[in-house]
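Peer 1: Provided herewith: coords.cif, mmCIF, C-alpha atoms and all ligand atoms.
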data_entry
#
loop_
_atom_site.label_atom_id
_atom_site.label_comp_id
_atom_site.auth_asym_id
_atom_site.auth_seq_id
_atom_site.Cartn_x
_atom_site.Cartn_y
_atom_site.Cartn_z
CA LEU A 1 31.77 -42.72 -37.29
CA SER A 2 29.36 -39.88 -38.03
CA LEU A 3 26.01 -40.65 -39.63
CA ARG A 4 27.26 -38.76 -42.63
CA GLY A 5 30.33 -40.98 -42.93
CA GLU A 6 28.17 -44.05 -42.51
CA LEU A 7 25.88 -42.80 -45.24
CA ALA A 8 28.69 -42.75 -47.80
CA THR A 9 29.42 -46.39 -46.99
CA ALA A 10 25.71 -47.21 -47.12
CA VAL A 11 25.43 -45.78 -50.62
CA ARG A 12 28.39 -47.90 -51.70
CA ARG A 13 26.92 -51.02 -50.08
CA ARG A 14 23.38 -50.30 -51.29
CA GLU A 15 21.76 -50.50 -47.86
CA PHE A 16 18.48 -48.94 -49.07
CA PHE A 17 15.07 -50.32 -49.91
CA MET A 18 11.66 -48.88 -50.70
CA HIS A 19 8.24 -48.69 -49.15
CA TYR A 20 5.17 -47.69 -51.15
CA GLN A 21 2.37 -45.52 -49.81
CA PRO A 22 -0.91 -46.04 -51.72
CA ILE A 23 -2.38 -43.04 -53.56
CA ILE A 24 -6.18 -43.06 -53.65
CA GLU A 25 -8.58 -41.42 -56.09
CA LEU A 26 -10.77 -39.62 -53.58
CA ASP A 27 -14.13 -39.75 -55.36
CA THR A 28 -13.93 -43.52 -56.07
CA GLY A 29 -11.63 -44.90 -53.37
CA ILE A 30 -9.61 -46.65 -56.09
CA CYS A 31 -5.88 -47.13 -55.56
CA VAL A 32 -4.22 -45.49 -58.56
CA GLY A 33 -0.64 -46.06 -57.52
CA ALA A 34 1.85 -45.23 -54.81
CA GLU A 35 4.55 -42.86 -53.71
CA SER A 36 7.89 -44.64 -53.34
CA LEU A 37 9.64 -43.78 -50.07
CA VAL A 38 13.23 -44.78 -49.41
CA ARG A 39 14.35 -46.56 -46.23
CA TRP A 40 17.87 -47.16 -44.89
CA ARG A 41 18.59 -50.27 -42.85
CA ARG A 42 22.02 -50.11 -41.24
CA PRO A 43 24.13 -53.28 -40.85
CA ASP A 44 23.09 -53.46 -37.15
CA GLY A 45 19.47 -53.73 -38.32
CA SER A 46 18.37 -50.27 -37.19
CA LEU A 47 16.29 -48.11 -39.53
CA VAL A 48 17.12 -44.48 -40.22
CA ARG A 49 14.28 -42.19 -41.26
CA PRO A 50 14.61 -40.46 -44.63
CA ASP A 51 13.83 -37.05 -43.12
CA LEU A 52 17.16 -37.52 -41.32
CA PHE A 53 19.34 -38.98 -44.05
CA ILE A 54 17.98 -37.31 -47.22
CA PRO A 55 19.17 -33.84 -46.11
CA LEU A 56 22.53 -35.38 -45.17
CA ALA A 57 22.80 -37.07 -48.56
CA GLU A 58 22.05 -33.73 -50.20
CA GLU A 59 24.77 -31.95 -48.20
CA ALA A 60 27.30 -34.71 -48.74
CA GLY A 61 26.87 -34.84 -52.52
CA LEU A 62 25.43 -38.36 -52.30
CA ILE A 63 21.87 -37.66 -53.39
CA GLU A 64 22.33 -38.41 -57.08
CA ALA A 65 23.85 -41.83 -56.34
CA LEU A 66 21.00 -42.50 -53.92
CA THR A 67 18.36 -41.44 -56.45
CA ASP A 68 19.89 -43.86 -58.97
CA GLN A 69 19.41 -46.68 -56.45
CA VAL A 70 15.83 -45.58 -55.79
CA ILE A 71 15.12 -45.80 -59.54
CA ASP A 72 16.62 -49.32 -59.67
CA HIS A 73 14.46 -50.45 -56.75
CA VAL A 74 11.25 -48.97 -58.12
CA ILE A 75 11.78 -50.72 -61.45
CA ALA A 76 12.65 -54.05 -59.82
CA ASP A 77 9.81 -53.90 -57.27
CA MET A 78 7.04 -52.57 -59.50
CA ARG A 79 7.77 -53.74 -63.05
CA GLU A 80 5.30 -56.60 -62.88
CA LEU A 81 2.48 -54.51 -61.43
CA LEU A 82 3.06 -51.62 -63.84
CA THR A 83 3.22 -53.79 -66.97
CA GLN A 84 0.05 -55.66 -65.92
CA ASP A 85 -1.95 -52.56 -65.01
CA ARG A 86 -1.32 -49.67 -67.39
CA THR A 87 -3.49 -47.34 -65.30
CA ALA A 88 -1.17 -47.68 -62.28
CA HIS A 89 1.64 -45.27 -61.52
CA ILE A 90 4.51 -44.96 -59.05
CA ALA A 91 5.80 -41.58 -57.89
CA ILE A 92 9.53 -41.04 -57.36
CA ASN A 93 10.82 -38.23 -55.13
CA LEU A 94 13.52 -36.05 -56.64
CA ALA A 95 15.78 -33.81 -54.58
CA ALA A 96 16.31 -30.21 -55.66
CA GLU A 97 19.69 -31.09 -57.14
CA ASP A 98 18.18 -34.00 -59.12
CA VAL A 99 15.66 -31.60 -60.63
CA SER A 100 18.13 -28.80 -61.32
CA SER A 101 20.78 -30.98 -62.93
CA GLY A 102 18.40 -33.11 -64.97
CA ARG A 103 20.78 -36.02 -64.56
CA ALA A 104 18.32 -38.20 -62.65
CA LEU A 105 15.80 -37.80 -65.46
CA LYS A 106 18.31 -39.00 -68.04
CA VAL A 107 19.20 -41.96 -65.81
CA LEU A 108 15.50 -42.75 -65.38
CA SER A 109 14.87 -42.73 -69.15
CA ALA A 110 17.83 -44.99 -69.77
CA LYS A 111 16.84 -47.42 -67.03
CA LEU A 112 13.19 -47.59 -68.23
CA GLN A 113 14.31 -48.67 -71.70
CA GLY A 114 13.34 -52.28 -72.29
CA THR A 115 11.42 -52.68 -69.02
CA GLY A 116 7.97 -52.33 -70.64
CA ILE A 117 7.11 -49.59 -68.11
CA HIS A 118 5.69 -46.52 -69.83
CA PRO A 119 6.98 -43.06 -68.81
CA GLN A 120 3.31 -42.14 -68.12
CA GLN A 121 3.44 -44.65 -65.25
CA ILE A 122 6.26 -42.88 -63.43
CA TRP A 123 5.30 -39.64 -61.73
CA LEU A 124 8.00 -37.31 -60.50
CA GLU A 125 7.77 -35.36 -57.24
CA ALA A 126 10.03 -32.33 -57.27
CA THR A 127 10.49 -31.15 -53.70
CA GLU A 128 10.67 -27.48 -53.09
CA ARG A 129 12.81 -28.03 -50.04
CA GLY A 130 16.28 -26.90 -51.05
CA PHE A 131 17.20 -24.51 -53.81
CA ILE A 132 15.99 -25.36 -57.30
CA ASP A 133 17.78 -23.60 -60.13
CA ILE A 134 14.61 -22.64 -62.01
CA ARG A 135 16.19 -22.04 -65.39
CA ARG A 136 17.87 -25.45 -65.45
CA ALA A 137 14.91 -27.18 -63.87
CA ARG A 138 12.52 -25.82 -66.49
CA THR A 139 14.47 -27.53 -69.25
CA SER A 140 14.75 -30.89 -67.54
CA LEU A 141 11.14 -30.96 -66.32
CA ALA A 142 9.86 -29.89 -69.74
CA ASN A 143 11.76 -32.82 -71.27
CA ALA A 144 10.35 -35.18 -68.67
CA ARG A 145 6.81 -34.06 -69.46
CA ARG A 146 7.41 -34.31 -73.20
CA ILE A 147 8.26 -38.00 -72.89
CA GLY A 148 5.15 -38.57 -70.77
CA HIS A 149 6.06 -38.27 -67.10
CA CYS A 150 3.68 -36.45 -64.83
CA VAL A 151 5.44 -33.82 -62.69
CA ALA A 152 4.25 -32.72 -59.24
CA ILE A 153 5.59 -30.05 -56.93
CA ASP A 154 6.04 -31.71 -53.52
CA ASP A 155 6.01 -30.25 -50.01
CA PHE A 156 4.16 -27.27 -51.42
CA GLY A 157 4.02 -24.29 -49.08
CA VAL A 158 6.78 -25.38 -46.72
CA GLY A 159 9.67 -24.80 -49.06
CA TYR A 160 11.99 -22.24 -50.35
CA SER A 161 10.17 -20.24 -52.98
CA SER A 162 6.73 -21.74 -53.46
CA LEU A 163 5.05 -19.19 -55.66
CA GLN A 164 8.00 -18.70 -57.95
CA TYR A 165 8.31 -22.43 -58.52
CA LEU A 166 4.60 -22.72 -59.11
CA GLN A 167 4.58 -19.98 -61.72
CA GLN A 168 7.79 -20.85 -63.48
CA LEU A 169 8.14 -24.62 -63.48
CA PRO A 170 6.28 -26.81 -65.99
CA LEU A 171 3.99 -28.86 -63.70
CA ASP A 172 0.98 -31.18 -63.80
CA ALA A 173 0.18 -31.53 -60.12
CA LEU A 174 0.57 -30.02 -56.69
CA LYS A 175 1.01 -32.12 -53.55
CA ILE A 176 -0.57 -30.38 -50.58
CA ASP A 177 1.78 -30.79 -47.63
CA LYS A 178 0.54 -32.66 -44.58
CA SER A 179 0.75 -29.51 -42.43
CA PHE A 180 -2.11 -28.01 -44.50
CA ILE A 181 -4.18 -31.20 -44.24
CA ASP A 182 -3.65 -31.25 -40.45
CA ALA A 183 -5.16 -27.75 -40.30
CA ILE A 184 -8.47 -28.76 -41.92
CA GLY A 185 -11.34 -28.29 -39.48
CA THR A 186 -9.16 -26.54 -36.91
CA ASP A 187 -9.31 -22.84 -36.09
CA SER A 188 -5.57 -22.41 -36.73
CA ALA A 189 -4.33 -19.58 -38.92
CA THR A 190 -3.25 -22.21 -41.46
CA SER A 191 -6.76 -23.52 -42.03
CA PRO A 192 -7.93 -20.93 -44.60
CA VAL A 193 -4.59 -21.27 -46.40
CA THR A 194 -5.45 -24.87 -47.32
CA SER A 195 -8.51 -23.64 -49.18
CA HIS A 196 -6.48 -21.01 -51.01
CA ILE A 197 -3.86 -23.56 -52.05
CA ILE A 198 -6.59 -25.73 -53.59
CA ASP A 199 -8.06 -22.70 -55.41
CA MET A 200 -4.64 -21.71 -56.67
CA ALA A 201 -3.90 -25.18 -58.02
CA LYS A 202 -7.23 -25.19 -59.86
CA THR A 203 -6.58 -21.72 -61.29
CA LEU A 204 -3.26 -22.95 -62.61
CA GLY A 205 -4.83 -26.10 -64.09
CA LEU A 206 -2.94 -28.45 -61.77
CA PHE A 207 -4.47 -31.50 -60.19
CA THR A 208 -3.97 -31.94 -56.48
CA VAL A 209 -2.78 -34.74 -54.20
CA ALA A 210 -3.35 -34.38 -50.45
CA GLU A 211 -0.65 -35.81 -48.17
CA GLY A 212 -1.13 -37.14 -44.67
CA VAL A 213 -4.90 -37.68 -44.77
CA GLU A 214 -5.74 -39.18 -41.37
CA THR A 215 -9.43 -38.56 -40.63
CA PRO A 216 -12.82 -39.04 -42.35
CA ALA A 217 -13.51 -35.33 -41.77
CA GLN A 218 -10.39 -34.37 -43.72
CA LEU A 219 -11.43 -36.76 -46.51
CA ALA A 220 -14.93 -35.28 -46.65
CA TYR A 221 -13.51 -31.76 -46.90
CA LEU A 222 -11.09 -32.76 -49.67
CA GLN A 223 -13.84 -34.57 -51.62
CA ALA A 224 -16.10 -31.52 -51.31
CA ARG A 225 -13.28 -29.34 -52.65
CA GLN A 226 -12.67 -31.81 -55.50
CA VAL A 227 -9.11 -32.64 -54.60
CA GLU A 228 -8.44 -35.52 -56.96
CA PHE A 229 -6.07 -37.77 -55.02
CA GLY A 230 -4.90 -38.42 -51.47
CA GLN A 231 -2.57 -40.51 -49.40
CA GLY A 232 -2.28 -41.00 -45.66
CA TRP A 233 -2.89 -43.28 -42.75
CA LEU A 234 -6.68 -43.14 -43.27
CA PHE A 235 -6.04 -45.31 -46.35
CA SER A 236 -2.70 -46.96 -45.64
CA LYS A 237 0.74 -46.33 -44.29
CA ALA A 238 3.71 -46.94 -46.59
CA LEU A 239 4.00 -50.68 -47.28
CA PRO A 240 6.71 -53.14 -48.32
CA PRO A 241 6.49 -53.97 -52.07
CA ALA A 242 4.51 -57.23 -51.83
CA GLU A 243 2.03 -55.71 -49.37
CA PHE A 244 1.47 -52.74 -51.65
CA VAL A 245 0.87 -55.06 -54.62
CA ALA A 246 -1.77 -56.92 -52.57
CA PHE A 247 -3.38 -53.64 -51.45
CA HIS A 248 -3.53 -52.42 -55.04
CA GLN A 249 -5.09 -55.71 -56.25
CA GLN A 250 -7.93 -55.27 -53.78
CA ARG A 251 -8.54 -51.58 -54.33
CA LYS A 252 -8.02 -51.07 -58.07
O1 LIG B 301 8.31 -41.82 -45.51
P1 LIG B 301 8.80 -40.73 -44.62
O2 LIG B 301 7.74 -39.89 -43.97
O3 LIG B 301 9.69 -41.24 -43.56
O4 LIG B 301 9.68 -39.72 -45.56
C1 LIG B 301 10.27 -38.58 -45.02
C2 LIG B 301 10.71 -37.60 -46.09
O5 LIG B 301 11.80 -38.12 -46.85
C3 LIG B 301 9.59 -37.30 -47.06
O6 LIG B 301 9.19 -35.96 -46.90
C4 LIG B 301 10.17 -37.48 -48.42
O7 LIG B 301 10.03 -36.31 -49.21
C5 LIG B 301 11.63 -37.83 -48.23
N1 LIG B 301 11.86 -38.99 -49.06
C6 LIG B 301 11.35 -40.22 -48.88
N2 LIG B 301 11.76 -41.05 -49.85
C7 LIG B 301 12.55 -40.33 -50.68
C8 LIG B 301 13.29 -40.64 -51.87
O8 LIG B 301 13.25 -41.74 -52.41
N3 LIG B 301 14.03 -39.62 -52.41
C9 LIG B 301 14.07 -38.38 -51.87
N4 LIG B 301 14.82 -37.46 -52.48
N5 LIG B 301 13.37 -38.04 -50.76
C10 LIG B 301 12.62 -39.01 -50.18
O1 LIG B 302 8.24 -37.12 -49.33
P1 LIG B 302 7.02 -36.80 -48.49
O2 LIG B 302 7.15 -35.62 -47.63
O3 LIG B 302 5.83 -36.68 -49.39
O4 LIG B 302 6.72 -38.10 -47.57
C1 LIG B 302 5.55 -38.28 -46.87
C2 LIG B 302 5.85 -38.56 -45.40
O5 LIG B 302 4.70 -38.44 -44.57
C3 LIG B 302 6.35 -39.95 -45.17
O6 LIG B 302 7.42 -39.88 -44.29
C4 LIG B 302 5.22 -40.72 -44.54
O7 LIG B 302 5.64 -41.76 -43.68
C5 LIG B 302 4.51 -39.63 -43.78
N1 LIG B 302 3.07 -39.87 -43.73
C6 LIG B 302 2.34 -40.35 -44.74
N2 LIG B 302 1.04 -40.39 -44.42
C7 LIG B 302 0.96 -39.92 -43.16
C8 LIG B 302 -0.14 -39.69 -42.29
O8 LIG B 302 -1.31 -39.90 -42.62
N3 LIG B 302 0.15 -39.19 -41.06
C9 LIG B 302 1.44 -38.91 -40.67
N4 LIG B 302 1.61 -38.44 -39.44
N5 LIG B 302 2.50 -39.10 -41.47
C10 LIG B 302 2.26 -39.60 -42.71
MN MN B 303 6.83 -36.82 -51.74
NA NA B 304 5.74 -34.04 -48.80
#
Turn the structure described in the file into structure tokens.
Peer 2:
Amino acid sequence: LSLRGELATAVRRREFFMHYQPIIELDTGICVGAESLVRWRRPDGSLVRPDLFIPLAEEAGLIEALTDQVIDHVIADMRELLTQDRTAHIAINLAAEDVSSGRALKVLSAKLQGTGIHPQQIWLEATERGFIDIRRARTSLANARRIGHCVAIDDFGVGYSSLQYLQQLPLDALKIDKSFIDAIGTDSATSPVTSHIIDMAKTLGLFTVAEGVETPAQLAYLQARQVEFGQGWLFSKALPPAEFVAFHQQRK
């Protein structure tokens, strides 16, 4: 059976679960929340990485069903933490089709009803990998922001149409892709681009989240440039739900 065929079965059998990578406020070191990251455990126990199966799910028309399951998991895993700490947030990744269609956002609103979780506590990461229909996405993201969600453009700079998305989508935040964080302090051609991305975000009034922060030197650079938030192995890898809750308790 192809991985793609297996994936359809996996969606039906709900073989997914979530890990949570802490997001840190860089000037205080406080843990303000986490990015939820989906994992697939096959029946034989092996794990498949999302960078392999998310693109497959997108191609196979399975991504919306998968996103629904992600939303269910985030609510089940994080309801207690989010209703006890109103300053905490969890970010959910949305595929291009989720953003364009707006369906995932309607599902999210419906599922949040009665949970006690405030929309302000769920951040949305709209990836720019894959084609986003800007006209449709504008409407759905504007609605999401109106009810209180915070919207970030994810994988910025590595995607399809960065500058167009940045100018035309209603956004609160920009996530600086790991490739630009890796370049900090190197003499690669990418290194000055990182600085320009930060400047551009500030010009547009967006706050910034740095992905893949691994070294104290990268952290020092980002703090000096007043990047507000960061995530990466310097702080923590992605954690199972209970481990993230413990991490957050200690660092909030
Ligand atoms: O955690 P990891 O580095 O393995 O994630 C790999 C990629 O898969 C990330 O770039 C991320 O954008 C994507 N991804 C992880 N979790 C989700 C999810 O819940 N939904 C979607 N659409 N993409 C995800
Ligand atoms: O969806 P997104 O591309 O934002 O997912 C982030 C991915 O980057 C995850 O797959 C996660 O496991 C990975 N990641 C997170 N922090 C680090 C890091 O500090 N170093 C490296 N090499 N990978 C990281
Ligand atoms: Mn992301
Ligand atoms: Na990313």
Peer 1: With all atoms listed in the file counted, collect every polymer residue having an atom within 7 Å of ligand NA 304 (chain B); state the result as an MDAnalysis selection string.
Peer 2: chainID A and resid 154:155 175 177:178 211
Peer 1: Let me have all residues with an atom within 9 Å of ligand LIG 301 (chain B), counting all atoms listed in the file, laid out as a VMD selection string.
Peer 2: chain A and resid 18 to 21 35 to 39 48 to 55 57 to 58 63 to 64 66 to 67 69 to 71 92 to 96 98 125 to 127 129 154 to 155 237 to 238
Peer 1: How many Å lie between CA of His89 (chain A) and CA of Arg135 (chain A), rounded to one decimal?
Peer 2: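 Computing it gives 27.7 Å between the two atoms.
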Peer 1: Would you list the residues near (27.9, -45.8, -54.3), meaning any protein, DNA or RNA residue with an atom at most 10 Å from that point in file coordinates, counting all atoms listed in the file, as a PDB file with C-alpha atoms, in the frame of the given file?
Peer 2:
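Writing the result to result-v1.pdb gives the following:
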ATOM      1  CA  LEU A   7      25.880 -42.800 -45.240  1.00  0.00           C
ATOM      2  CA  ALA A   8      28.690 -42.750 -47.800  1.00  0.00           C
ATOM      3  CA  THR A   9      29.420 -46.390 -46.990  1.00  0.00           C
ATOM      4  CA  ALA A  10      25.710 -47.210 -47.120  1.00  0.00           C
ATOM      5  CA  VAL A  11      25.430 -45.780 -50.620  1.00  0.00           C
ATOM      6  CA  ARG A  12      28.390 -47.900 -51.700  1.00  0.00           C
ATOM      7  CA  ARG A  13      26.920 -51.020 -50.080  1.00  0.00           C
ATOM      8  CA  ARG A  14      23.380 -50.300 -51.290  1.00  0.00           C
ATOM      9  CA  LEU A  62      25.430 -38.360 -52.300  1.00  0.00           C
ATOM     10  CA  GLU A  64      22.330 -38.410 -57.080  1.00  0.00           C
ATOM     11  CA  ALA A  65      23.850 -41.830 -56.340  1.00  0.00           C
ATOM     12  CA  LEU A  66      21.000 -42.500 -53.920  1.00  0.00           C
ATOM     13  CA  ASP A  68      19.890 -43.860 -58.970  1.00  0.00           C
ATOM     14  CA  GLN A  69      19.410 -46.680 -56.450  1.00  0.00           C
TER      15      GLN A  69
END
Peer 1: Closest to ligand LIG 302 (chain B) among A:Gln250, A:Gly212, A:Leu56, A:Gln168, using all atoms listed in the file?
Peer 2: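 Comparing A:Gln250, A:Gly212, A:Leu56, A:Gln168 against ligand LIG 302 (chain B), the winner is A:Gly212.
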Peer 1: I'd like the interatomic distance between atom N1 of ligand LIG 302 (chain B) and CA of Cys31 (chain A), to a tenth of an Å.
Peer 2: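 Interatomic distance, atom N1 of ligand LIG 302 (chain B) to CA of Cys31 (chain A): 16.5 Å.
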Peer 1: At a cut-off of 9 Å, using all atoms listed in the file, what residues contact Asp77 (chain A)? Leave out same-chain residues fewer than 3 positions from it and give the result as an NGL selection string.
Peer 2: :A and (18 or 72-74 or 80-81 or 241-242)
Peer 1: CA of Pro43 (chain A) and CA of Glu15 (chain A), how far apart in Å?
Peer 2: 7.9 Å
Peer 1: Name the closest residue to ligand MN 303 (chain B) among the candidates A:Ala220, A:Ala76, A:Ala91, A:Leu82; distances are taken between atoms, counting all atoms listed in the file.
Peer 2: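 Nearest candidate to ligand MN 303 (chain B) out of A:Ala220, A:Ala76, A:Ala91, A:Leu82: A:Ala91.
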Peer 1: Please determine, counting all atoms listed in the file, which residue among A:Ala173, A:Ile132, A:Leu141, A:Val32 has the shortest atom-to-atom distance to ligand MN 303 (chain B).
Peer 2: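 That would be A:Ala173, the residue with the smallest distance to ligand MN 303 (chain B).
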Peer 1: Pick from A:Ala137, A:Val107, A:Ala144, A:Ala152: nearest to ligand MN 303 (chain B), with all atoms listed in the file counted?
Peer 2: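 Of A:Ala137, A:Val107, A:Ala144, A:Ala152, the one nearest ligand MN 303 (chain B), counting all atoms listed in the file, is A:Ala152.
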Peer 1: As JSON, please: the centre and edge lengths in Å, to one decimal, of an axis-aligned box enclosing every listed atom of region 11-26 of chain A with 3 Å added on each side.
Peer 2:
{"center_x": 8.8, "center_y": -45.3, "center_z": -52.0, "size_x": 45.2, "size_y": 17.4, "size_z": 14.2}
Peer 1: Write out as a list in words which residues come within 6 Å of Val213 (chain A) when counting only C-alpha atoms, dropping same-chain ones fewer than 6 positions away.
Peer 2: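 That gives Gln231, Gly232 and Leu234 of chain A.
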Peer 1: Go ahead and dump the residues you just picked, C-alpha atoms, as a short mmCIF file (atom, residue, chain, number, x, y, z; two decimals), keeping the file's coordinate frame.
Peer 2:
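Final output, saved to out13.cif:
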data_model
loop_
_atom_site.label_atom_id
_atom_site.label_comp_id
_atom_site.auth_asym_id
_atom_site.auth_seq_id
_atom_site.Cartn_x
_atom_site.Cartn_y
_atom_site.Cartn_z
CA GLN A 231 -2.57 -40.51 -49.40
CA GLY A 232 -2.28 -41.00 -45.66
CA LEU A 234 -6.68 -43.14 -43.27
#
Peer 1: With distances taken over only C-alpha atoms and all ligand atoms, which of A:Ile153, A:Leu112, A:Val99, A:Leu239 is nearest to ligand MN 303 (chain B)?
Peer 2: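 Of the candidates, the smallest distance to ligand MN 303 (chain B) is held by A:Ile153.
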